[in-house]
>>> print(open('work18.cif').read())   # mmCIF, C-alpha atoms, pLDDT in the B column; chains and numbers go by the auth columns
data_input
loop_
_atom_site.group_PDB
_atom_site.id
_atom_site.type_symbol
_atom_site.label_atom_id
_atom_site.label_comp_id
_atom_site.label_asym_id
_atom_site.label_seq_id
_atom_site.Cartn_x
_atom_site.Cartn_y
_atom_site.Cartn_z
_atom_site.B_iso_or_equiv
_atom_site.auth_seq_id
_atom_site.auth_asym_id
ATOM 1 C CA MET A 1 -35.473 54.112 0.084 59.00 1 A
ATOM 2 C CA SER A 2 -32.863 51.487 -0.817 65.00 2 A
ATOM 3 C CA THR A 3 -32.408 48.370 1.270 71.00 3 A
ATOM 4 C CA ILE A 4 -29.331 46.195 1.173 71.00 4 A
ATOM 5 C CA ARG A 5 -30.221 42.630 0.285 71.00 5 A
ATOM 6 C CA ASP A 6 -27.277 40.424 1.247 71.00 6 A
ATOM 7 C CA ARG A 7 -27.520 36.943 -0.250 68.00 7 A
ATOM 8 C CA GLY A 8 -24.841 35.382 1.976 71.00 8 A
ATOM 9 C CA LEU A 9 -22.671 32.733 0.360 67.00 9 A
ATOM 10 C CA VAL A 10 -24.881 32.501 -2.687 67.00 10 A
ATOM 11 C CA LYS A 11 -23.259 35.585 -4.163 67.00 11 A
ATOM 12 C CA TRP A 12 -19.894 33.814 -4.334 68.00 12 A
ATOM 13 C CA GLN A 13 -21.182 30.703 -6.076 67.00 13 A
ATOM 14 C CA ALA A 14 -21.220 30.321 -9.820 65.00 14 A
ATOM 15 C CA ALA A 15 -24.436 31.098 -11.582 64.00 15 A
ATOM 16 C CA LEU A 16 -24.263 27.935 -13.661 66.00 16 A
ATOM 17 C CA ILE A 17 -22.631 24.653 -12.616 72.00 17 A
ATOM 18 C CA MET A 18 -22.266 22.104 -15.356 76.00 18 A
ATOM 19 C CA PRO A 19 -22.352 18.344 -14.624 82.00 19 A
ATOM 20 C CA GLU A 20 -18.647 18.180 -15.487 83.00 20 A
ATOM 21 C CA HIS A 21 -17.876 20.767 -12.815 79.00 21 A
ATOM 22 C CA LYS A 22 -19.932 18.895 -10.255 79.00 22 A
ATOM 23 C CA ALA A 23 -18.138 15.606 -11.079 84.00 23 A
ATOM 24 C CA LEU A 24 -14.753 17.317 -10.843 81.00 24 A
ATOM 25 C CA HIS A 25 -15.532 18.766 -7.407 77.00 25 A
ATOM 26 C CA LYS A 26 -16.670 15.361 -6.218 78.00 26 A
ATOM 27 C CA ARG A 27 -13.512 13.674 -7.542 79.00 27 A
ATOM 28 C CA ILE A 28 -11.248 16.281 -5.923 76.00 28 A
ATOM 29 C CA GLY A 29 -12.908 15.630 -2.572 71.00 29 A
ATOM 30 C CA GLU A 30 -12.274 11.863 -2.811 71.00 30 A
ATOM 31 C CA VAL A 31 -8.521 12.076 -3.402 70.00 31 A
ATOM 32 C CA ASP A 32 -6.366 11.518 -0.340 70.00 32 A
ATOM 33 C CA TYR A 33 -3.104 13.368 -0.824 68.00 33 A
ATOM 34 C CA PHE A 34 -1.477 11.899 2.255 71.00 34 A
ATOM 35 C CA LEU A 35 -1.352 8.318 0.946 75.00 35 A
ATOM 36 C CA ASN A 36 2.050 7.124 -0.146 80.00 36 A
ATOM 37 C CA LYS A 37 2.420 5.662 -3.598 84.00 37 A
ATOM 38 C CA LYS A 38 4.050 2.288 -3.994 86.00 38 A
ATOM 39 C CA PRO A 39 7.632 2.603 -5.228 89.00 39 A
ATOM 40 C CA VAL A 40 8.431 1.081 -8.596 91.00 40 A
ATOM 41 C CA LEU A 41 10.719 -1.931 -8.228 92.00 41 A
ATOM 42 C CA ASP A 42 13.028 -3.108 -10.962 94.00 42 A
ATOM 43 C CA GLU A 43 13.719 -6.757 -11.822 95.00 43 A
ATOM 44 C CA TYR A 44 16.994 -6.829 -9.890 96.00 44 A
ATOM 45 C CA GLN A 45 15.283 -5.814 -6.642 95.00 45 A
ATOM 46 C CA VAL A 46 12.498 -8.379 -7.123 94.00 46 A
ATOM 47 C CA GLU A 47 15.087 -11.106 -7.770 95.00 47 A
ATOM 48 C CA GLU A 48 17.006 -10.049 -4.660 96.00 48 A
ATOM 49 C CA PHE A 49 13.785 -10.263 -2.597 94.00 49 A
ATOM 50 C CA GLU A 50 13.171 -13.777 -3.913 93.00 50 A
ATOM 51 C CA ASN A 51 16.727 -14.857 -3.078 95.00 51 A
ATOM 52 C CA ASN A 52 16.477 -13.451 0.459 95.00 52 A
ATOM 53 C CA ILE A 53 13.153 -15.197 1.051 95.00 53 A
ATOM 54 C CA HIS A 54 14.487 -18.548 -0.193 95.00 54 A
ATOM 55 C CA TYR A 55 17.645 -18.163 1.911 95.00 55 A
ATOM 56 C CA ALA A 56 15.589 -17.421 5.024 95.00 56 A
ATOM 57 C CA MET A 57 13.319 -20.397 4.349 94.00 57 A
ATOM 58 C CA GLU A 58 16.220 -22.771 3.805 94.00 58 A
ATOM 59 C CA TYR A 59 17.983 -21.910 7.080 94.00 59 A
ATOM 60 C CA HIS A 60 14.778 -21.070 9.019 94.00 60 A
ATOM 61 C CA LEU A 61 15.893 -17.518 9.752 95.00 61 A
ATOM 62 C CA PRO A 62 13.575 -14.735 10.895 95.00 62 A
ATOM 63 C CA ILE A 63 12.715 -12.283 8.184 96.00 63 A
ATOM 64 C CA SER A 64 11.118 -8.831 8.212 95.00 64 A
ATOM 65 C CA PHE A 65 9.075 -7.393 5.389 95.00 65 A
ATOM 66 C CA ARG A 66 8.154 -3.826 4.569 94.00 66 A
ATOM 67 C CA LEU A 67 4.747 -3.982 2.930 94.00 67 A
ATOM 68 C CA HIS A 68 2.703 -1.461 1.001 91.00 68 A
ATOM 69 C CA ASN A 69 -0.971 -1.968 1.736 82.00 69 A
ATOM 70 C CA ASP A 70 -3.509 0.621 0.521 78.00 70 A
ATOM 71 C CA GLY A 71 -1.022 3.476 0.618 76.00 71 A
ATOM 72 C CA ASN A 72 0.170 2.826 4.164 81.00 72 A
ATOM 73 C CA PRO A 73 3.505 1.039 4.532 87.00 73 A
ATOM 74 C CA HIS A 74 3.870 -1.263 7.528 90.00 74 A
ATOM 75 C CA GLU A 75 6.309 -3.894 8.775 93.00 75 A
ATOM 76 C CA LEU A 76 5.796 -7.606 9.305 93.00 76 A
ATOM 77 C CA TYR A 77 8.217 -9.809 11.223 95.00 77 A
ATOM 78 C CA GLY A 78 8.280 -13.607 11.340 95.00 78 A
ATOM 79 C CA HIS A 79 9.342 -16.772 9.533 95.00 79 A
ATOM 80 C CA CYS A 80 8.396 -17.516 5.947 94.00 80 A
ATOM 81 C CA VAL A 81 6.836 -20.973 6.013 94.00 81 A
ATOM 82 C CA TYR A 82 5.379 -21.483 2.552 94.00 82 A
ATOM 83 C CA ILE A 83 5.325 -19.863 -0.876 93.00 83 A
ATOM 84 C CA HIS A 84 2.269 -20.543 -3.021 93.00 84 A
ATOM 85 C CA PRO A 85 3.519 -20.458 -6.638 91.00 85 A
ATOM 86 C CA VAL A 86 0.150 -19.975 -8.362 93.00 86 A
ATOM 87 C CA THR A 87 -1.347 -17.173 -6.262 92.00 87 A
ATOM 88 C CA LYS A 88 2.099 -15.704 -5.444 91.00 88 A
ATOM 89 C CA GLU A 89 1.334 -15.529 -1.736 94.00 89 A
ATOM 90 C CA LEU A 90 3.666 -16.033 1.197 94.00 90 A
ATOM 91 C CA ARG A 91 2.604 -17.638 4.467 96.00 91 A
ATOM 92 C CA ILE A 92 4.357 -15.890 7.338 95.00 92 A
ATOM 93 C CA GLN A 93 4.387 -17.353 10.856 95.00 93 A
ATOM 94 C CA LYS A 94 4.535 -14.564 13.432 94.00 94 A
ATOM 95 C CA LYS A 95 5.944 -14.777 16.963 92.00 95 A
ATOM 96 C CA ASP A 96 2.555 -15.595 18.459 93.00 96 A
ATOM 97 C CA SER A 97 2.312 -18.686 16.164 92.00 97 A
ATOM 98 C CA SER A 98 -0.397 -17.099 14.034 95.00 98 A
ATOM 99 C CA TYR A 99 -0.141 -16.990 10.267 95.00 99 A
ATOM 100 C CA GLU A 100 -0.482 -14.054 7.947 94.00 100 A
ATOM 101 C CA TYR A 101 -0.749 -14.286 4.183 94.00 101 A
ATOM 102 C CA ILE A 102 0.836 -11.579 2.066 94.00 102 A
ATOM 103 C CA LYS A 103 0.943 -11.145 -1.676 93.00 103 A
ATOM 104 C CA PHE A 104 4.328 -10.813 -3.329 92.00 104 A
ATOM 105 C CA ASP A 105 3.170 -7.605 -5.041 91.00 105 A
ATOM 106 C CA GLU A 106 2.766 -5.867 -1.655 92.00 106 A
ATOM 107 C CA ILE A 107 6.444 -6.281 -0.701 94.00 107 A
ATOM 108 C CA ILE A 108 8.599 -3.145 -0.740 93.00 108 A
ATOM 109 C CA ASP A 109 11.671 -4.488 1.055 94.00 109 A
ATOM 110 C CA VAL A 110 12.939 -7.710 2.656 95.00 110 A
ATOM 111 C CA PHE A 111 15.467 -8.030 5.513 93.00 111 A
ATOM 112 C CA VAL A 112 16.872 -11.372 6.650 94.00 112 A
ATOM 113 C CA GLU A 113 17.888 -11.430 10.321 87.00 113 A
ATOM 114 C CA ASP A 114 21.173 -13.366 10.499 78.00 114 A
#
>>> encode(input="work18.cif", output="structure tokens")
Amino acid sequence: MSTIRDRGLVKWQAALIMPEHKALHKRIGEVDYFLNKKPVLDEYQVEEFENNIHYAMEYHLPISFRLHNDGNPHELYGHCVYIHPVTKELRIQKKDSSYEYIKFDEIIDVFVED
């Protein structure tokens, strides 16, 4: 008399899993494929961003930034009040008179509202 012994999902698993395989499966699970990568900016674009920021500061014009923060781009709108030369941070005053500090490396694009 033969009985069918179904082992469930165990029959589809590998008989031997090496530590390298286990680490690879763990690393694949941690990757988020929906995050956007930061675009690579050339020196001309960075110089143009700097010129736009200085122009907006000189004439106290509103400025909008597109920022790349942890893979999620977002927009920031306000007035650039101060540039810290050592830490390369900008102090932005928003409409509600609160301040936000952004690093120059996070900037993707700069628009000056004329």
>>> atom_distance(input="work18.cif", atom1="atom CA of A:Phe49", atom2="atom CA of A:Tyr101")
16.5 Å
>>> atom_distance(input="work18.cif", atom1="atom CA of A:Asp105", atom2="atom CA of A:Gly29")
28.4 Å
>>> closest_residue(input="work18.cif", among="A:Phe104, A:Tyr44, A:Tyr99, A:Phe111", to="A:His84", atoms="all atoms listed in the file")
A:Phe104
>>> closest_residue(input="work18.cif", among="A:Lys95, A:His54, A:Lys88, A:Lys38", to="A:Ile108", atoms="only C-alpha atoms")
A:Lys38
>>> atom_distance(input="work18.cif", atom1="atom CA of A:Ile92", atom2="atom CA of A:Ser64")
9.8 Å
>>> closest_residue(input="work18.cif", among="A:His60, A:Lys37, A:Lys22, A:Arg27", to="A:Asn72", atoms="only C-alpha atoms")
A:Lys37
>>> resolve_selection(input="work18.cif", expression="the PyMOL selection byres ((chain A and resi 81) around 10)", output="count of residues only")
15
>>> resolve_selection(input="work18.cif", expression="the PyMOL selection byres ((chain A and resi 73) around 12)", output="compact mmCIF listing (two decimals) with C-alpha atoms, in the coordinates of the input")
# COMPACT_ATOMS: atom_id res chain seq x y z
CA LEU A 35 -1.35 8.32 0.95
CA ASN A 36 2.05 7.12 -0.15
CA LYS A 37 2.42 5.66 -3.60
CA LYS A 38 4.05 2.29 -3.99
CA PRO A 39 7.63 2.60 -5.23
CA PHE A 65 9.07 -7.39 5.39
CA ARG A 66 8.15 -3.83 4.57
CA LEU A 67 4.75 -3.98 2.93
CA HIS A 68 2.70 -1.46 1.00
CA ASN A 69 -0.97 -1.97 1.74
CA ASP A 70 -3.51 0.62 0.52
CA GLY A 71 -1.02 3.48 0.62
CA ASN A 72 0.17 2.83 4.16
CA HIS A 74 3.87 -1.26 7.53
CA GLU A 75 6.31 -3.89 8.78
CA LEU A 76 5.80 -7.61 9.30
CA GLU A 106 2.77 -5.87 -1.66
CA ILE A 107 6.44 -6.28 -0.70
CA ILE A 108 8.60 -3.14 -0.74
CA ASP A 109 11.67 -4.49 1.06
>>> closest_residue(input="work18.cif", among="A:Val31, A:Leu61, A:Val110, A:Ile17", to="A:Val46", atoms="all atoms listed in the file")
A:Val110
>>> resolve_selection(input="work18.cif", expression="the PyMOL selection byres ((chain A and resi 114) around 8)", output="PDB file with C-alpha atoms, in the frame of the given file")
ATOM      1  CA  LEU A  61      15.893 -17.518   9.752  1.00 95.00           C
ATOM      2  CA  PRO A  62      13.575 -14.735  10.895  1.00 95.00           C
ATOM      3  CA  VAL A 112      16.872 -11.372   6.650  1.00 94.00           C
ATOM      4  CA  GLU A 113      17.888 -11.430  10.321  1.00 87.00           C
TER       5      GLU A 113
END
>>> decode(input="work18.cif", residues="chain A", atoms="C-alpha atoms", output="compact mmCIF listing (two decimals), in the first residue's frame")
# COMPACT_ATOMS: atom_id res chain seq x y z
CA MET A 1 0.00 0.00 0.00
CA SER A 2 1.62 3.27 -1.10
CA THR A 3 0.70 6.56 0.52
CA ILE A 4 1.39 9.93 -1.02
CA ARG A 5 3.48 12.07 1.29
CA ASP A 6 3.19 15.68 0.12
CA ARG A 7 5.80 17.93 1.71
CA GLY A 8 4.11 21.21 0.72
CA LEU A 9 6.43 24.08 -0.16
CA VAL A 10 9.47 22.27 1.14
CA LYS A 11 9.73 20.28 -2.08
CA TRP A 12 10.34 23.47 -4.07
CA GLN A 13 13.09 24.81 -1.84
CA ALA A 14 16.74 24.10 -2.45
CA ALA A 15 18.28 21.28 -0.52
CA LEU A 16 21.31 23.36 0.44
CA ILE A 17 21.37 27.14 0.92
CA MET A 18 24.79 28.66 1.26
CA PRO A 19 25.39 31.81 3.35
CA GLU A 20 26.08 33.71 0.12
CA HIS A 21 22.65 32.76 -1.21
CA LYS A 22 20.99 33.83 2.01
CA ALA A 23 22.80 37.21 1.94
CA LEU A 24 21.83 37.72 -1.70
CA HIS A 25 18.15 37.05 -1.00
CA LYS A 26 18.25 39.48 1.90
CA ARG A 27 19.92 42.18 -0.22
CA ILE A 28 17.40 41.74 -3.05
CA GLY A 29 14.56 42.25 -0.59
CA GLU A 30 16.04 45.54 0.68
CA VAL A 31 16.34 47.24 -2.71
CA ASP A 32 13.56 49.65 -3.57
CA TYR A 33 13.22 49.80 -7.33
CA PHE A 34 10.76 52.66 -7.29
CA LEU A 35 13.20 55.25 -5.92
CA ASN A 36 14.47 57.75 -8.44
CA LYS A 37 18.20 58.21 -8.79
CA LYS A 38 19.64 61.68 -8.59
CA PRO A 39 20.52 63.04 -12.03
CA VAL A 40 24.17 63.80 -12.70
CA LEU A 41 24.74 67.54 -13.05
CA ASP A 42 27.60 69.00 -15.02
CA GLU A 43 29.62 72.07 -13.99
CA TYR A 44 27.68 74.40 -16.28
CA GLN A 45 24.36 73.52 -14.63
CA VAL A 46 25.82 73.94 -11.12
CA GLU A 47 27.24 77.35 -12.10
CA GLU A 48 23.86 78.36 -13.55
CA PHE A 49 22.15 77.34 -10.27
CA GLU A 50 24.62 79.47 -8.32
CA ASN A 51 24.03 82.47 -10.59
CA ASN A 52 20.24 82.15 -10.29
CA ILE A 53 20.44 81.91 -6.50
CA HIS A 54 22.69 84.98 -6.25
CA TYR A 55 20.43 86.93 -8.63
CA ALA A 56 17.36 86.05 -6.57
CA MET A 57 19.11 87.03 -3.35
CA GLU A 58 20.29 90.35 -4.73
CA TYR A 59 16.84 91.47 -5.92
CA HIS A 60 14.89 89.58 -3.21
CA LEU A 61 12.93 87.54 -5.73
CA PRO A 62 11.02 84.36 -4.90
CA ILE A 63 12.77 81.22 -5.99
CA SER A 64 11.64 77.61 -6.34
CA PHE A 65 13.90 74.61 -5.96
CA ARG A 66 13.50 71.04 -7.13
CA LEU A 67 15.25 68.90 -4.55
CA HIS A 68 16.30 65.27 -4.50
CA ASN A 69 15.95 63.90 -0.99
CA ASP A 70 16.33 60.14 -0.41
CA GLY A 71 15.15 59.22 -3.88
CA ASN A 72 11.98 61.31 -3.78
CA PRO A 73 12.09 64.64 -5.62
CA HIS A 74 10.05 67.47 -4.13
CA GLU A 75 9.66 71.21 -4.61
CA LEU A 76 10.45 74.05 -2.23
CA TYR A 77 9.29 77.62 -2.75
CA GLY A 78 10.47 80.72 -0.91
CA HIS A 79 13.20 83.35 -0.64
CA CYS A 80 16.86 82.49 -0.27
CA VAL A 81 18.05 84.44 2.76
CA TYR A 82 21.54 83.15 3.47
CA ILE A 83 24.21 80.92 1.96
CA HIS A 84 26.60 79.25 4.39
CA PRO A 85 29.91 78.90 2.49
CA VAL A 86 31.52 76.25 4.71
CA THR A 87 28.67 73.75 5.05
CA LYS A 88 27.23 74.65 1.61
CA GLU A 89 23.73 75.07 2.99
CA LEU A 90 21.04 77.51 1.92
CA ARG A 91 18.57 79.08 4.33
CA ILE A 92 15.19 79.38 2.63
CA GLN A 93 12.39 81.50 4.11
CA LYS A 94 9.01 80.02 3.18
CA LYS A 95 5.70 81.89 2.88
CA ASP A 96 4.73 81.11 6.47
CA SER A 97 7.96 82.85 7.69
CA SER A 98 9.54 79.56 8.71
CA TYR A 99 13.03 78.61 7.61
CA GLU A 100 14.22 75.47 5.93
CA TYR A 101 17.85 74.52 5.44
CA ILE A 102 18.84 72.65 2.30
CA LYS A 103 22.20 71.37 1.17
CA PHE A 104 23.47 72.49 -2.21
CA ASP A 105 24.04 68.85 -3.20
CA GLU A 106 20.29 68.13 -2.97
CA ILE A 107 19.36 70.70 -5.64
CA ILE A 108 18.23 69.34 -9.01
CA ASP A 109 16.85 72.54 -10.54
CA VAL A 110 16.39 76.23 -9.66
CA PHE A 111 13.70 78.60 -10.99
CA VAL A 112 13.70 82.33 -10.28
CA GLU A 113 10.23 83.89 -10.29
CA ASP A 114 10.57 87.26 -12.06
